[in-house]
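Colleague: I have a structure I would like to understand better, so I am pasting it below and will then ask my questions one at a time.
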Amino acid sequence: MPSPTVLDTPARRYRMIRLIRGFELRALGLVESGEIVGGIHPYIGQEAVAVGICAALGPADLITSTHRGHGHVLAKGSDPARMLAELAGRATGLNQGRGGSMHAADVGLGILGANGIVGASAPISVGAAWAAQRNGTGQVVATFFGDGALNQGVLLEAMNLAALWHLPVLFVCENNGYATTMPTRGAVAGTVLGRAQAFGIPAVQVDGMDVDAVLAAAGVAVDRARSGGGPGFLECLTYRFEGHHTVEKQVRVDYRTEAEIDEWRRRDPLDLAATHVSAEERESIDAEVEALLSDAVDFALSSPHPDPGGALDHLYASGLRGRAGWSA
Amino acid sequence: MRKLSYAKALNMALGDELADDPSVCVFGEDIVAGMAQLTLGLHKRFGSDRIVDTPLSEQGFAGMAIGAALSGKRPVIEFQIPSLLFLVFDQIANQAHKLSLMTGGQLSVPVTYVVPSSGSREGWAGQHSDHPYSLLAHVGVKTVVPALPSDAYGLLRSAIQDPDPTVVFAPAAVMNSREALNIKELAPVPLGAARIHRPGTDVTVVALGHPVEDALAVADELAGEVSVEVFDPRTVYPFDWDALHTSVARTRRLVVVDDSNRMCGFAGEIIAGAAEALPLVAPPQRVTRPDGAVLPFARQLDQAVQPQRGDLMSAVRKVMA
């Protein structure tokens with residue numbers, strides 16, 4: 001089995017897309033059964049973006065993620081079992097059950113955390129890139145965000161700072177067509193690429209359903225950033241096959257047509273990636289991934305719940321403890 | 001002995017931290033020139049890699065400081081205006097403060113936010129005169145408000161050395177005040193440790209920041225009739241409850257002077273914390289800005305909503321009545 005962080009062949013990239021897809025399907029099941037409380041923002045349909053970007057990064061490179069972040073975290077190499085345990089709020093989770101779906105972090109793998117506030121990760125990435133530049137580490141920082149973040153001032157501030165100081169940042173816009181229910185065309189004046197170009201940042205639009213296309217474009221931008229050429233911007237055209245959030249099914253919102261969803265499903269990134277892998281190899285990968293995920297579910301659900309007595313552990317790195325809410 | 005100004009004490013503390021720890025860096029507006037005095041002369045000593053002038057993008061560079069902190073730096077951010085804290089509330093309260101807990105302790109964010117001129121600057125009106133230390137303490141961010149130059153030096157150093165986000169409010173009213181001291185005796189002051197400026201036996205007056213001077217003046221003036229203990233917490237959060245309880249257990253009377261808004265404010269919390277723990281012989285009093293105050297421009301109006309020395313005097317007399 002290849003190291004989870006190496007995505008250097010079509011088979012390995014297919015495997016990672018397959019892993020994320022399978023992970024999300026199982027997570028959806030666990031939301032349904034009540035094992036995951038609060039629901040998730042499923043990444044299904046967008047897997048080629050995370051995998052293509054992370055395939056262009058090295059193990060020491062950094063990423064920041066979003067509320068729809070499971071794919072990013074897995075593609076950067078996180079253990080699906082500990083990730084699923086985090087979603088299920090278990091003590092063995094990546095964040096010891098303190099973060100959940102929207103805040104998964106795995107710092108040892110360069111994952112500085114997913115963020116529940118749209119656009120908020122972008123300046124954090126810029127700061128990490130500034131430190132990397134000052135320290136001469138050669139690291140590149142990829143920051144994922146959706147089309148919704150294009151209208152957050154803080155993203156534009158971050159792009160300006162990154163361009164001004166030639167920082168090694170890759171801005172990855174996953175344009176899935178909707179900011180929750182708001183279509184991109186109803187929210188973004190001008191063009192997506194134009195926003196980056198206004199700061200002099202080289203910007204490319206890419207087919208976000210095609211992992212190899214994402215990898216090719218990301219590779220150019222990452223190489224340029226690493227060699228001191230400053231930030232890059234990719235607009236990855238993609239689509240989420242599921243709702244914005246699992247709560248969407250209960251609310252029965254109506255903002256996109258079945259025909260539109262079907263059209264995008266015909267360009268499923270999993271199917272596209274599969275065309276580069278022999279049927280025989282696929283079969284073996286599928287079986288390996290299923291076994292891995294099955295073990296991940298077992299691990300998550302058999303893991304202990306966190307001790308309520310430690311609910312505010314880690315609130316302060318200094319170990320400070322504030323007063324309790326009540327003590328008799 | 002030398003007369004050290006509050007502004008110079010902050011400047012020396014920052015310079016000493018930059019000299020002692022190569023990971024310390026500073027982001028802010030006009031800091032190369034040293035417009036707010038905090039960074040005067042530091043660009044010349046430490047260069048552009050460590051003293052970084054930023055565009056007017058407060059949210060951008062406040063977020064950037066978090067990322068730099070996660071990558072081993074120890075950033076200090078200067079905000080020229082206290083109200084800029086409202087603009088970056090997401091970056092401080094929702095990001096920097098929460099990352100350690102949310103990541104199960106994988107991340108820590110040692111960023112220090114300094115406001116070198118908080119509170120009223122007389123004539124700067126509504127959007128430049130806030131004193132929102134209670135707000136930061138409410139969300140759990142470590143918050144200090146030094147009253148004297150020696151504490152400004154010591155608390156800024158400790159704030160920068162602390163592994164968590166910390167806000168340092170330097171009241172505009174004391175930025176130019178001076179203290180006679182031996183420079184060699186300047187040292188870090190631990191966060192969360194109160195200081196009693198003047199011991200007394202009848203009433204504990206808790207004063208924070210520039211009202212400490214008023215509290216000392218009132219104590220002097222009342223010296224013949226009331227023995228006032230002037231208690232300066234120095235740190236809003238974490239608050240030194242042990243020291244307060246010790247003081248109030250002795251005096252059993254409490255007055256708090258607090259240059260911020262009354263509702264859900266610092267003074268209310270201190271009174272509640274004391275009253276929960278100890279029997280008081282008189283209802284405690286607080287002297288604050290009014291509920292929801294916005295400082296009006298004209299001098300008479302500005303002063304009308306800030307706690308005044310005379311109000312404090314009346315409050316002390318009231319708990320003694």
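All residue names refer to the structure tokens as shown: chains lettered A, B, ... in order, residues numbered from 1 in each chain, ligands numbered from 1 in order.
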What lies within 7 Å of Asp147 in chain A using only C-alpha atoms, ignoring chain neighbours under 3 positions off, as a ChimeraX atom specification?
Modeller: /A:150,173-176,179,184
Colleague: Would you mind listing, as a ChimeraX atom specification, all residues of chain A that have at least one atom within 8 Å of chain B, where only C-alpha atoms are what counts?
Modeller: /A:94-99,103-107,112-113,120-132,134,154-155,157-158,161,312-318,322
Colleague: So that I can check the surroundings of Arg224 in chain A, please list as a ChimeraX atom specification every protein, DNA and RNA residue that reaches within 12 Å of it, counting only C-alpha atoms and ignoring chain neighbours fewer than 4 positions away.
Modeller: /A:56,138-140,166-170,201-202,217-220,228-233
Colleague: Would you list the contacts of Ala85 in chain A as a VMD selection string, taking every protein, DNA or RNA residue within 12 Å and counting only C-alpha atoms, but skipping same-chain residues closer than 5 positions in sequence?
Modeller: chain A and resid 23 27 30 35 to 36 78 to 80 90 to 101 104 293 295 to 306
Colleague: Quick one: residues within 12 Å of Gly41 in chain B, only C-alpha atoms counted, chain neighbours fewer than 4 positions away excluded, as a PyMOL selection string?
Modeller: chain B and resi 8+11-12+14-15+31-37+45-47+51
Colleague: Could you save the residues just selected, with C-alpha atoms, as an mmCIF file, in the first residue's frame?
Modeller:
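Result went into again.cif, see below:
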data_model
loop_
_atom_site.group_PDB
_atom_site.id
_atom_site.type_symbol
_atom_site.label_atom_id
_atom_site.label_comp_id
_atom_site.auth_asym_id
_atom_site.auth_seq_id
_atom_site.Cartn_x
_atom_site.Cartn_y
_atom_site.Cartn_z
ATOM 1 C CA LYS B 8 8.947 54.620 26.702
ATOM 2 C CA ASN B 11 8.881 50.711 23.799
ATOM 3 C CA MET B 12 11.689 49.306 25.977
ATOM 4 C CA LEU B 14 9.107 45.467 23.099
ATOM 5 C CA GLY B 15 12.732 46.211 22.238
ATOM 6 C CA ILE B 31 5.069 51.092 12.954
ATOM 7 C CA VAL B 32 8.249 51.592 10.934
ATOM 8 C CA ALA B 33 7.898 55.312 11.599
ATOM 9 C CA GLY B 34 6.728 54.607 15.146
ATOM 10 C CA MET B 35 3.657 56.803 14.941
ATOM 11 C CA ALA B 36 2.120 55.437 18.166
ATOM 12 C CA GLN B 37 5.467 55.520 20.047
ATOM 13 C CA ARG B 45 17.475 48.148 15.283
ATOM 14 C CA PHE B 46 15.635 45.105 14.005
ATOM 15 C CA GLY B 47 14.885 45.723 10.319
ATOM 16 C CA ILE B 51 9.077 45.296 12.133
#
Colleague: Can you list, as a ChimeraX atom specification, all residues belonging to range 50-132 of chain B that DSSP tags as alpha helix (DSSP H)?
Modeller: /B:58-70,84-87,89,99-102
Colleague: Output the selection as a PDB file, in the first residue's frame - N, CA and C atoms for each residue.
Modeller:
ATOM      1  N   GLU B  58      -6.693  45.435   8.692  1.00  0.00           N
ATOM      2  CA  GLU B  58      -6.572  44.930  10.062  1.00  0.00           C
ATOM      3  C   GLU B  58      -6.945  43.453  10.161  1.00  0.00           C
ATOM      4  N   GLN B  59      -8.031  43.068   9.488  1.00  0.00           N
ATOM      5  CA  GLN B  59      -8.414  41.655   9.563  1.00  0.00           C
ATOM      6  C   GLN B  59      -7.361  40.785   8.887  1.00  0.00           C
ATOM      7  N   GLY B  60      -6.837  41.290   7.806  1.00  0.00           N
ATOM      8  CA  GLY B  60      -5.813  40.549   7.070  1.00  0.00           C
ATOM      9  C   GLY B  60      -4.571  40.323   7.915  1.00  0.00           C
ATOM     10  N   PHE B  61      -4.049  41.380   8.526  1.00  0.00           N
ATOM     11  CA  PHE B  61      -2.796  41.147   9.271  1.00  0.00           C
ATOM     12  C   PHE B  61      -3.043  40.535  10.645  1.00  0.00           C
ATOM     13  N   ALA B  62      -4.258  40.689  11.188  1.00  0.00           N
ATOM     14  CA  ALA B  62      -4.562  39.978  12.439  1.00  0.00           C
ATOM     15  C   ALA B  62      -4.650  38.473  12.163  1.00  0.00           C
ATOM     16  N   GLY B  63      -5.212  38.117  11.027  1.00  0.00           N
ATOM     17  CA  GLY B  63      -5.249  36.701  10.637  1.00  0.00           C
ATOM     18  C   GLY B  63      -3.848  36.197  10.334  1.00  0.00           C
ATOM     19  N   MET B  64      -3.087  37.035   9.665  1.00  0.00           N
ATOM     20  CA  MET B  64      -1.724  36.674   9.302  1.00  0.00           C
ATOM     21  C   MET B  64      -0.876  36.386  10.545  1.00  0.00           C
ATOM     22  N   ALA B  65      -1.095  37.169  11.588  1.00  0.00           N
ATOM     23  CA  ALA B  65      -0.335  36.949  12.820  1.00  0.00           C
ATOM     24  C   ALA B  65      -0.610  35.552  13.382  1.00  0.00           C
ATOM     25  N   ILE B  66      -1.846  35.086  13.234  1.00  0.00           N
ATOM     26  CA  ILE B  66      -2.173  33.732  13.711  1.00  0.00           C
ATOM     27  C   ILE B  66      -1.354  32.706  12.935  1.00  0.00           C
ATOM     28  N   GLY B  67      -1.362  32.844  11.611  1.00  0.00           N
ATOM     29  CA  GLY B  67      -0.609  31.889  10.784  1.00  0.00           C
ATOM     30  C   GLY B  67       0.875  31.916  11.098  1.00  0.00           C
ATOM     31  N   ALA B  68       1.411  33.113  11.316  1.00  0.00           N
ATOM     32  CA  ALA B  68       2.836  33.217  11.651  1.00  0.00           C
ATOM     33  C   ALA B  68       3.102  32.568  13.010  1.00  0.00           C
ATOM     34  N   ALA B  69       2.154  32.751  13.943  1.00  0.00           N
ATOM     35  CA  ALA B  69       2.306  32.145  15.272  1.00  0.00           C
ATOM     36  C   ALA B  69       2.282  30.620  15.173  1.00  0.00           C
ATOM     37  N   LEU B  70       1.436  30.098  14.302  1.00  0.00           N
ATOM     38  CA  LEU B  70       1.358  28.645  14.144  1.00  0.00           C
ATOM     39  C   LEU B  70       2.631  28.098  13.516  1.00  0.00           C
ATOM     40  N   LEU B  84     -10.463  49.332  16.664  1.00  0.00           N
ATOM     41  CA  LEU B  84     -10.053  48.352  15.652  1.00  0.00           C
ATOM     42  C   LEU B  84     -10.211  46.933  16.180  1.00  0.00           C
ATOM     43  N   LEU B  85     -10.243  46.794  17.510  1.00  0.00           N
ATOM     44  CA  LEU B  85     -10.471  45.467  18.089  1.00  0.00           C
ATOM     45  C   LEU B  85     -11.829  44.913  17.659  1.00  0.00           C
ATOM     46  N   PHE B  86     -12.796  45.815  17.439  1.00  0.00           N
ATOM     47  CA  PHE B  86     -14.113  45.336  16.991  1.00  0.00           C
ATOM     48  C   PHE B  86     -14.004  44.751  15.586  1.00  0.00           C
ATOM     49  N   LEU B  87     -13.168  45.369  14.776  1.00  0.00           N
ATOM     50  CA  LEU B  87     -13.012  44.937  13.391  1.00  0.00           C
ATOM     51  C   LEU B  87     -12.373  43.552  13.307  1.00  0.00           C
ATOM     52  N   PHE B  89     -12.539  41.158  15.661  1.00  0.00           N
ATOM     53  CA  PHE B  89     -13.059  40.280  16.711  1.00  0.00           C
ATOM     54  C   PHE B  89     -13.084  38.820  16.265  1.00  0.00           C
ATOM     55  N   LEU B  99      -8.344  28.215  18.811  1.00  0.00           N
ATOM     56  CA  LEU B  99      -7.623  27.164  18.084  1.00  0.00           C
ATOM     57  C   LEU B  99      -7.017  26.108  19.011  1.00  0.00           C
ATOM     58  N   SER B 100      -6.557  26.513  20.174  1.00  0.00           N
ATOM     59  CA  SER B 100      -5.942  25.528  21.063  1.00  0.00           C
ATOM     60  C   SER B 100      -6.977  24.486  21.495  1.00  0.00           C
ATOM     61  N   LEU B 101      -8.112  24.941  21.992  1.00  0.00           N
ATOM     62  CA  LEU B 101      -9.133  23.978  22.425  1.00  0.00           C
ATOM     63  C   LEU B 101      -9.657  23.167  21.245  1.00  0.00           C
ATOM     64  N   MET B 102     -10.000  23.848  20.159  1.00  0.00           N
ATOM     65  CA  MET B 102     -10.638  23.145  19.038  1.00  0.00           C
ATOM     66  C   MET B 102      -9.740  22.086  18.408  1.00  0.00           C
TER      67      MET B 102
END
Colleague: Might you pull out every residue within 9 Å of His70 in chain A, with only C-alpha atoms counted and same-chain residues fewer than 5 positions away left off, and present them as a PyMOL selection string?
Modeller: chain A and resi 20+23-24+41-43+65+75+83+101-102+104+114
Colleague: Please list as a compact mmCIF listing (two decimals) with all heavy atoms, in the first residue's frame every residue within 12 Å of range 251-254 of chain A, counting only C-alpha atoms and excluding residues in the same chain fewer than 6 positions away.
Modeller:
# COMPACT_ATOMS: atom_id res chain seq x y z
N THR A 180 -23.90 28.02 -0.16
CA THR A 180 -25.10 27.41 0.43
C THR A 180 -26.18 27.32 -0.66
O THR A 180 -26.12 26.42 -1.48
CB THR A 180 -25.57 28.16 1.69
OG1 THR A 180 -24.44 28.30 2.56
CG2 THR A 180 -26.62 27.38 2.46
N THR A 181 -27.12 28.26 -0.72
CA THR A 181 -28.13 28.19 -1.79
C THR A 181 -27.96 29.31 -2.81
O THR A 181 -28.67 29.36 -3.81
CB THR A 181 -29.55 28.31 -1.21
OG1 THR A 181 -29.70 29.61 -0.63
CG2 THR A 181 -29.82 27.27 -0.14
N MET A 182 -27.05 30.22 -2.56
CA MET A 182 -26.87 31.39 -3.44
C MET A 182 -25.98 31.03 -4.63
O MET A 182 -24.81 30.69 -4.45
CB MET A 182 -26.24 32.53 -2.64
CG MET A 182 -25.70 33.69 -3.45
SD MET A 182 -26.98 34.66 -4.27
CE MET A 182 -27.28 35.90 -3.00
N GLY A 243 -26.22 17.88 -0.48
CA GLY A 243 -26.62 19.22 -0.06
C GLY A 243 -25.45 20.00 0.53
O GLY A 243 -24.37 19.44 0.76
N HIS A 244 -25.69 21.27 0.78
CA HIS A 244 -24.67 22.09 1.45
C HIS A 244 -24.28 21.44 2.77
O HIS A 244 -23.12 21.36 3.13
CB HIS A 244 -25.23 23.49 1.70
CG HIS A 244 -24.46 24.28 2.71
ND1 HIS A 244 -23.20 24.76 2.46
CD2 HIS A 244 -24.76 24.64 3.99
CE1 HIS A 244 -22.75 25.39 3.55
NE2 HIS A 244 -23.67 25.33 4.48
N HIS A 245 -25.29 20.96 3.48
CA HIS A 245 -25.09 20.35 4.80
C HIS A 245 -26.15 19.28 4.94
O HIS A 245 -27.19 19.35 4.28
CB HIS A 245 -25.27 21.45 5.88
CG HIS A 245 -25.02 20.98 7.29
ND1 HIS A 245 -26.02 20.48 8.10
CD2 HIS A 245 -23.88 20.95 8.02
CE1 HIS A 245 -25.50 20.16 9.28
NE2 HIS A 245 -24.21 20.44 9.25
Colleague: Please return as a ChimeraX atom specification: the residues of range 36-246 of chain A that backbone DSSP assigns to strand (DSSP E).
Modeller: /A:62-64,141-146,169-175,178-179,182-183,203-207,232-237
Colleague: Given only C-alpha atoms as the basis, pick out the residue of B:Ala7, B:Ala215, B:Lys318, B:Gly154 nearest to Val174 in chain B.
Modeller: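 Among the listed residues, the smallest separation from Val174 in chain B belongs to B:Ala7.
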Colleague: Kindly give the distance, in Å, that separates CA of Val172 in chain A and CA of Tyr255 in chain A, rounded to a single decimal.
Modeller: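 The value is 25.1 Å.
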Colleague: My list of candidates is B:Met313, B:Val26, B:Ile196, B:Leu155. Which is closest to Ala217 in chain B when distances are computed with only C-alpha atoms?
Modeller: B:Met313
